[in-house]
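**Student:** Before anything else, here's the structure in question.
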Amino acid sequence: MLEKSLKNTIFINIGAFLLVLILEILSMWGIKDRFDTTYSFFLHGLNYTIAIMAIIWINHFICIPFFFDKRRYFLYTILLVASVFIGSYLKGYGKDGWYGVYKMTFFLIYTTGAGMAVFFLRRNILFRRENDEKEKLQKEMELNYLKAQVNPHFLFNSLNSIYSLSRKQSLETPDLVMQLSELMRYQLESSKKDTVLLKEELEFIENYLLLEEKRLSKRCTIEFLIDGDMSGLRISPMLLIPFVENAVKHGAQSTNEQSTIDISVAIKNTTLHFYVENSKPSSMVSASKRNGLGLENVRRRLNLLYPDSHILEIDDNEEKYHVNLSIDLAVSKLKKTVHD
C-alpha cells in the first residue's frame with residue numbers, strides 16, 4: 001500500500017513538472033526569436049520551471065505538513081514568503097538587479113499560486129477519500145460488532161424457551177432442540193453475509209414463532225401474515241427478529257394471562273412494512289419503557305444501513321405495544337452479495 005502511494009506521488013509530481021514546463025514554454029513562445037538558439041529558449045523555460053516547482057515542492061512537502069497542518073500559520077506565511085523571495089532573488093537579481101527581483105516576485109506568486117492551488121485541491125481530495133475510507137471501515141467494524149451481539153442474545157432467549165419446556169418434561173423438547181439447531185444454523189450462515197433474501201428472513205421469523213407458540217401453549221394467540229411480492233428483495237440478516245423477541249418476552253412470556261401477538265408484513269414495490277403488536281399484561285401497566293439490548297442494537301443498525309430510507313415508530317401504551325417499521329430495501333448502504 002505504501003509502495004503504491006509512493007509511486008502515485010512520483011508520477012503525479014513528474015506530470016505536474018511536465019505540465020508547468022509546457023505552460024512555461026507556451027507562455028514565452030511569442031518571444032522565442034529573442035533567444036540566440038532554440039536550445040537556449042528551452043533551457044530558459046526549464047530553468048524557470050525548476051524554480052516554480054521548487055517553491056511548490058518546498059511548500060507542499062515541508063511548509064504545509066510541518067507548519068500549516070500544525071497550525072503554525074505565522075511561521076508558514078514567513079517561510080512561504082521567504083521561499084518566493086529567495087527564488088525571485090536567485091532568478092532576477094543577476095539580470096536586472098532589484099527591479100528583476102520585483103518582476104520575478106510577482107511572476108512567481110502568480111505561477112506558484114496556481115500550482116499550489118492544484119496541490120491543495122489534490123490534497124483535499126486525498127484527505128476526503130481517506131476520511132471516507134476510515135468512516136466506511138468504522139461502520140463495517142461497528143456493524144460486525146452489532147451483528148455479533150445478535151447471536152448470543154437470540155440464543156439465550158431461545159434456550160430459555162426450551163428450558164421452560166424441559167422443566168415441564170414436555171415430550172416435544174427433543175423436537176424443539178432440533179428446531180432451535182436449524183434456527184441457529186441459519187443465523188450462523190446469514191451472519192457471514194451482508195444481505196439475505198427477504199423471503200428467507202421471514203421464514204426464519206415464522207419458524208421462531210412456531211417454536212415459541214409450542215412453548216406458550218394455549219395462553220398466547222400468535223398471528224403472522226405476509227402480503228405482497230418479495231421476489232428478489234434482500235435485507236440485512238437478523239434485523240427484524242429483535243422486535244419479535246421483544247413482543248414475546250415483554251408480552252406473553254411475562255404473564256400467565258391470555259395474550260396476543262400480531263405480526264404483519266406488507267411489501268409494496270421495494271418498501272417493506274413490518275408491523276408488530278403485542279398485548280401487555282396488567283402487571284406491566286406502570287412498567288418503564290423497553291430499552292433492552294436488542295432494540296438499541298437494531299436502532300443502531302437501521303441508522304447505519306438505512307440512514308435516510310427507514311421509518312421506525314414505537315407506541316407503548318397501557319394495553320398494547322406497537323412497532324411500525326418501514327424500510328425502502330432498494331436504498332441502503334449494504335454491499336451486494338452473491339450467495340444465493
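Every chain in the C-alpha cells has a letter given in the order shown (A, B, ...), and although residue numbers restart at 1 in each chain, ligands are simply numbered from 1 in the order shown.
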Which residues, written as number ranges by chain, have at least one atom at most 12 Å from A:Asn59, with only C-alpha atoms counted and residues fewer than 3 positions away on the same chain left out?

**Tutor:** A: 52-56, 62-69, 76-84, 112-113, 115-117, 119-120

**Student:** Atom CA of A:Glu319 to atom CA of A:Ser279: how many Å, to one decimal?

**Tutor:**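 Atom CA of A:Ser279 lies at a distance of 5.9 Å from atom CA of A:Glu319.
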
**Student:** Can you work out the spacing between atom CA of A:Gly87 and atom CA of A:Ala51 in Å, to one decimal?

**Tutor:**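 About the pair atom CA of A:Gly87 and atom CA of A:Ala51: they are 6.4 Å apart.
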
**Student:** Separation of atom CA of A:Glu245 and atom CA of A:Leu272, in Å?

**Tutor:**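 Separation between atom CA of A:Glu245 and atom CA of A:Leu272: 19.0 Å.
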